[in-house]
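Enquirer: entry_34.pdb is reproduced below (PDB, C-alpha atoms).
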ATOM      1  CA  MET X  13      13.813   5.756   8.521
ATOM      2  CA  THR X  14      12.165   6.218  11.896
ATOM      3  CA  GLU X  15       8.938   4.901  13.381
ATOM      4  CA  LEU X  16       5.986   7.057  12.356
ATOM      5  CA  ASN X  17       3.801   8.928  14.776
ATOM      6  CA  ILE X  18       0.364   7.984  13.455
ATOM      7  CA  ARG X  19      -2.483  10.329  14.286
ATOM      8  CA  THR X  20      -5.749   8.590  15.088
ATOM      9  CA  SER X  21      -8.011  11.642  14.716
ATOM     10  CA  SER X  22      -8.322  10.972  10.996
ATOM     11  CA  PRO X  23     -11.198   8.746   9.850
ATOM     12  CA  ARG X  24      -8.604   6.779   7.857
ATOM     13  CA  ARG X  25      -7.305   4.166  10.256
ATOM     14  CA  ALA X  26      -4.520   2.494   8.288
ATOM     15  CA  LEU X  27      -1.212   4.243   7.834
ATOM     16  CA  LEU X  28      -1.267   3.938   4.068
ATOM     17  CA  ASP X  29      -4.972   4.166   3.416
ATOM     18  CA  LEU X  30      -4.220   6.975   1.012
ATOM     19  CA  ALA X  31      -6.526   8.575  -1.510
ATOM     20  CA  PRO X  32      -5.362   8.257  -5.141
ATOM     21  CA  LEU X  33      -4.068  11.846  -5.339
ATOM     22  CA  GLU X  34      -2.253  11.447  -2.006
ATOM     23  CA  LEU X  35      -0.533   8.351  -3.371
ATOM     24  CA  ASP X  36       0.321  10.181  -6.605
ATOM     25  CA  CYS X  37       1.914  12.976  -4.570
ATOM     26  CA  MET X  38       3.919  10.435  -2.548
ATOM     27  CA  ASN X  39       5.009   8.597  -5.699
ATOM     28  CA  THR X  40       6.203  11.966  -7.022
ATOM     29  CA  LEU X  41       7.933  12.963  -3.771
ATOM     30  CA  TRP X  42       9.804   9.676  -3.119
ATOM     31  CA  PRO X  43      12.216   9.927  -6.079
ATOM     32  CA  MET X  44      12.742  13.638  -5.342
ATOM     33  CA  GLY X  45      13.638  13.014  -1.694
ATOM     34  CA  GLN X  46      12.118  16.336  -0.737
ATOM     35  CA  GLY X  47      10.260  19.105  -2.492
ATOM     36  CA  THR X  48       7.959  22.087  -2.298
ATOM     37  CA  VAL X  49       4.323  22.076  -3.348
ATOM     38  CA  ARG X  50       5.273  23.813  -6.590
ATOM     39  CA  GLU X  51       7.954  21.216  -7.415
ATOM     40  CA  ILE X  52       5.587  18.335  -6.664
ATOM     41  CA  ARG X  53       2.796  19.941  -8.707
ATOM     42  CA  ASP X  54       5.123  20.622 -11.647
ATOM     43  CA  ARG X  55       6.329  16.996 -11.755
ATOM     44  CA  LEU X  56       2.805  15.667 -11.361
ATOM     45  CA  ALA X  57       1.312  17.995 -14.027
ATOM     46  CA  PRO X  58       2.136  15.991 -17.190
ATOM     47  CA  ARG X  59       0.094  12.996 -16.042
ATOM     48  CA  ARG X  60      -2.287  14.570 -13.516
ATOM     49  CA  PRO X  61      -2.621  18.373 -13.754
ATOM     50  CA  ARG X  62      -3.979  19.965 -10.588
ATOM     51  CA  ALA X  63      -4.149  23.448  -9.105
ATOM     52  CA  TYR X  64      -1.377  24.556  -6.760
ATOM     53  CA  THR X  65      -3.887  24.881  -3.914
ATOM     54  CA  THR X  66      -5.097  21.303  -4.457
ATOM     55  CA  ILE X  67      -1.577  19.902  -4.086
ATOM     56  CA  MET X  68      -0.993  22.210  -1.104
ATOM     57  CA  THR X  69      -4.096  20.770   0.606
ATOM     58  CA  ILE X  70      -3.011  17.192  -0.140
ATOM     59  CA  MET X  71       0.489  17.795   1.239
ATOM     60  CA  ASP X  72      -0.992  19.430   4.347
ATOM     61  CA  ARG X  73      -3.167  16.335   4.892
ATOM     62  CA  LEU X  74      -0.156  14.046   4.466
ATOM     63  CA  ALA X  75       1.745  16.137   7.022
ATOM     64  CA  ARG X  76      -1.152  15.943   9.504
ATOM     65  CA  LYS X  77      -1.251  12.146   9.027
ATOM     66  CA  GLY X  78       2.468  11.947   9.764
ATOM     67  CA  ILE X  79       3.299  10.515   6.327
ATOM     68  CA  VAL X  80       5.510  13.513   5.471
ATOM     69  CA  GLU X  81       7.241  16.154   7.531
ATOM     70  CA  ARG X  82       7.502  19.761   6.517
ATOM     71  CA  ARG X  83       9.717  22.658   7.392
ATOM     72  CA  LYS X  84       9.514  26.288   6.412
ATOM     73  CA  VAL X  85      12.111  27.394   3.877
ATOM     74  CA  GLY X  86      11.642  31.057   3.024
ATOM     75  CA  ARG X  87       7.982  31.506   2.166
ATOM     76  CA  ALA X  88       7.380  27.884   1.169
ATOM     77  CA  TYR X  89       7.267  24.577   2.991
ATOM     78  CA  MET X  90       9.720  21.840   2.085
ATOM     79  CA  TYR X  91       8.162  18.355   2.352
ATOM     80  CA  ARG X  92      10.086  15.155   3.017
ATOM     81  CA  PRO X  93       8.676  11.608   3.303
ATOM     82  CA  ASN X  94       8.770   9.994   6.746
ATOM     83  CA  LEU X  95       9.120   6.550   5.187
ATOM     84  CA  SER X  96      10.707   5.207   2.054
ATOM     85  CA  ALA X  97       8.761   3.825  -0.887
ATOM     86  CA  GLU X  98      10.015   0.348   0.076
ATOM     87  CA  GLU X  99       8.736   0.742   3.649
ATOM     88  CA  ALA X 100       5.397   2.000   2.324
ATOM     89  CA  ARG X 101       5.082  -0.998  -0.004
ATOM     90  CA  GLY X 102       5.885  -3.311   2.912
ATOM     91  CA  HIS X 103       3.193  -1.694   5.096
ATOM     92  CA  ALA X 104       0.670  -1.814   2.244
ATOM     93  CA  LEU X 105       1.432  -5.462   1.499
ATOM     94  CA  ASP X 106       1.097  -6.323   5.200
ATOM     95  CA  GLN X 107      -2.338  -4.652   5.174
ATOM     96  CA  VAL X 108      -3.412  -6.625   2.099
ATOM     97  CA  ILE X 109      -2.251  -9.898   3.654
ATOM     98  CA  GLU X 110      -4.025  -9.133   6.934
ATOM     99  CA  ASN X 111      -7.254  -7.751   5.467
ATOM    100  CA  PHE X 112      -7.759  -9.989   2.425
ATOM    101  CA  PHE X 113      -5.899 -13.188   3.307
ATOM    102  CA  ALA X 114      -6.449 -13.487   7.087
ATOM    103  CA  GLY X 115      -2.739 -12.943   7.699
ATOM    104  CA  SER X 116      -1.716 -15.865   5.460
ATOM    105  CA  LYS X 117       1.165 -15.220   3.082
ATOM    106  CA  GLU X 118       0.540 -18.679   1.639
ATOM    107  CA  ALA X 119      -2.993 -17.687   0.616
ATOM    108  CA  LEU X 120      -1.602 -14.556  -1.057
ATOM    109  CA  LEU X 121       0.965 -16.652  -2.939
ATOM    110  CA  ALA X 122      -1.754 -19.066  -3.991
ATOM    111  CA  GLN X 123      -3.813 -16.149  -5.318
ATOM    112  CA  LEU X 124      -0.865 -14.685  -7.205
ATOM    113  CA  ASN X 125       0.218 -17.991  -8.713
ATOM    114  CA  CYS X 126      -3.109 -19.684  -9.248
ATOM    115  CA  ASP X 127      -6.299 -18.949 -11.040
ATOM    116  CA  GLY X 128      -7.787 -22.437 -11.172
ATOM    117  CA  PRO X 129     -10.466 -24.114  -9.068
ATOM    118  CA  ARG X 130      -8.025 -24.930  -6.227
ATOM    119  CA  ALA X 131      -7.039 -21.277  -5.842
ATOM    120  CA  ARG X 132     -10.675 -20.202  -5.808
ATOM    121  CA  ALA X 133     -11.430 -22.892  -3.200
ATOM    122  CA  VAL X 134      -8.553 -21.689  -0.994
ATOM    123  CA  ALA X 135      -9.649 -18.054  -1.386
ATOM    124  CA  ALA X 136     -13.262 -18.958  -0.540
ATOM    125  CA  THR X 137     -12.140 -20.889   2.537
ATOM    126  CA  VAL X 138      -9.962 -17.999   3.687
ATOM    127  CA  ALA X 139     -12.816 -15.545   3.195
ATOM    128  CA  SER X 140     -15.390 -17.652   5.023
ATOM    129  CA  SER X 141     -13.309 -19.082   7.874
ATOM    130  CA  GLY X 142     -10.723 -16.407   8.508
ATOM    131  CA  GLY X 143      -7.810 -18.736   7.705
ATOM    132  CA  LEU X 144      -6.409 -21.386   5.462
ATOM    133  CA  PRO X 145      -7.763 -24.926   5.608
ATOM    134  CA  ARG X 146      -5.657 -27.210   7.780
ATOM    135  CA  SER X 147      -4.231 -29.061   4.777
ATOM    136  CA  ALA X 148      -3.087 -25.779   3.217
ATOM    137  CA  ASN X 149      -1.554 -24.601   6.492
ATOM    138  CA  ASP X 150       0.361 -27.853   6.840
ATOM    139  CA  GLY X 151       1.885 -27.533   3.379
ATOM    140  CA  SER X 152       3.911 -24.946   1.616
ATOM    141  CA  SER X 153       2.810 -22.529  -1.050
ATOM    142  CA  GLU X 154       4.579 -24.878  -3.478
ATOM    143  CA  GLU X 155       1.918 -27.525  -2.734
ATOM    144  CA  LEU X 156      -0.783 -24.992  -3.584
ATOM    145  CA  ILE X 157       0.960 -24.162  -6.849
ATOM    146  CA  THR X 158       1.279 -27.878  -7.669
ATOM    147  CA  ALA X 159      -2.436 -28.327  -6.945
ATOM    148  CA  LYS X 160      -3.198 -25.417  -9.278
ATOM    149  CA  ARG X 161      -1.140 -27.006 -12.065
ATOM    150  CA  ARG X 162      -3.057 -30.269 -11.627
ATOM    151  CA  ASP X 163      -6.367 -28.376 -11.818
ATOM    152  CA  ASP X 164      -5.228 -26.558 -14.968
ATOM    153  CA  SER X 165      -4.171 -29.771 -16.708
ATOM    154  CA  ARG X 166      -7.641 -31.298 -16.341
TER
END
Would you write out, as structure tokens, the structure that this file holds?
Expert:
Amino acid sequence: MTELNIRTSSPRRALLDLAPLELDCMNTLWPMGQGTVREIRDRLAPRRPRAYTTIMTIMDRLARKGIVERRKVGRAYMYRPNLSAEEARGHALDQVIENFFAGSKEALLAQLNCDGPRARAVAATVASSGGLPRSANDGSSEELITAKRRDDSR
């Protein structure tokens, strides 16, 4: 898909800093490809019933943010995502890596694969210094996983 035109007038600064209902609407719209407010609301209703006007407001907000585009079809608007679910996941993961792991994919991998003292030490170092310790930067995520296994075997 194409590059998004992100509007900065919104207090939400990140592209995918979506409220839970906004994300639910997107997760409903992605498999559909496109849909009207009524179609989105009807598919969302079994797990999260909401009024038509609530979904209409959410879809309007998503359109203003540039996350979806809309076009008039008869009396209704047809909404279509401006990015795929895969692109959205990639953007969201990039934000997590940048905001929680100081841009370090290795620190994220260590967090996902480790829960021992070494992983907590790496996470604490990342949080306090804004980056991985030199020894962790010099090695691969495999070294962090190996260190975790050693910690767990003690």
Enquirer: Taking 5 positions as the minimum chain separation for residues in the same chain, which residues sit within 10 Å of Pro43 in chain X when counting only C-alpha atoms? Answer as a list in words.
Expert: Met38, Ser96 and Ala97 of chain X
Enquirer: Could you give me, as a list of chain:residue names, the residues within 10 Å of Arg82 in chain X, counting all atoms listed in the file and dropping anything in the same chain fewer than 3 positions from it?
Expert: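 What passes the distance filter is X:Gln46, X:Gly47, X:Thr48, X:Met71, X:Asp72, X:Leu74, X:Ala75, X:Arg76, X:Gly78, X:Val85, X:Ala88, X:Tyr89, X:Met90, X:Tyr91, X:Arg92, X:Pro93, X:Asn94.
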Enquirer: Just give me the gap between CA of Arg55 in chain X and CA of Thr40 in chain X in Å, one decimal is fine.
Expert: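 Interatomic distance here is 6.9 Å.
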Enquirer: Mind telling me what the PyMOL selection byres ((chain X and resi 68) around 10) catches here, as a VMD selection string?
Expert: chain X and resid 48 to 50 52 to 53 63 to 67 69 to 74 89
Enquirer: Have a look at X:Val80, X:Ala119, X:Leu105, X:Cys126 and name the one nearest to Leu41 in chain X; count only C-alpha atoms.
Expert: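 Answer, going by the shortest atom-to-atom distance: X:Val80.
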Enquirer: Just the number, please: distance in Å from CA of Gln123 in chain X to CA of Ile109 in chain X, one decimal.
Expert: 11.0 Å
Enquirer: Which residue out of X:Leu120, X:Leu56, X:Leu30, X:Leu35 has the minimum interatomic distance to Asp106 in chain X when all atoms listed in the file are used?
Expert: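 Result for the nearest residue to Asp106 in chain X: X:Leu120.
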Enquirer: Between CA of Ala114 in chain X and CA of Ala100 in chain X, what is the distance, to one decimal in Å?
Expert: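 Interatomic distance here is 20.1 Å.
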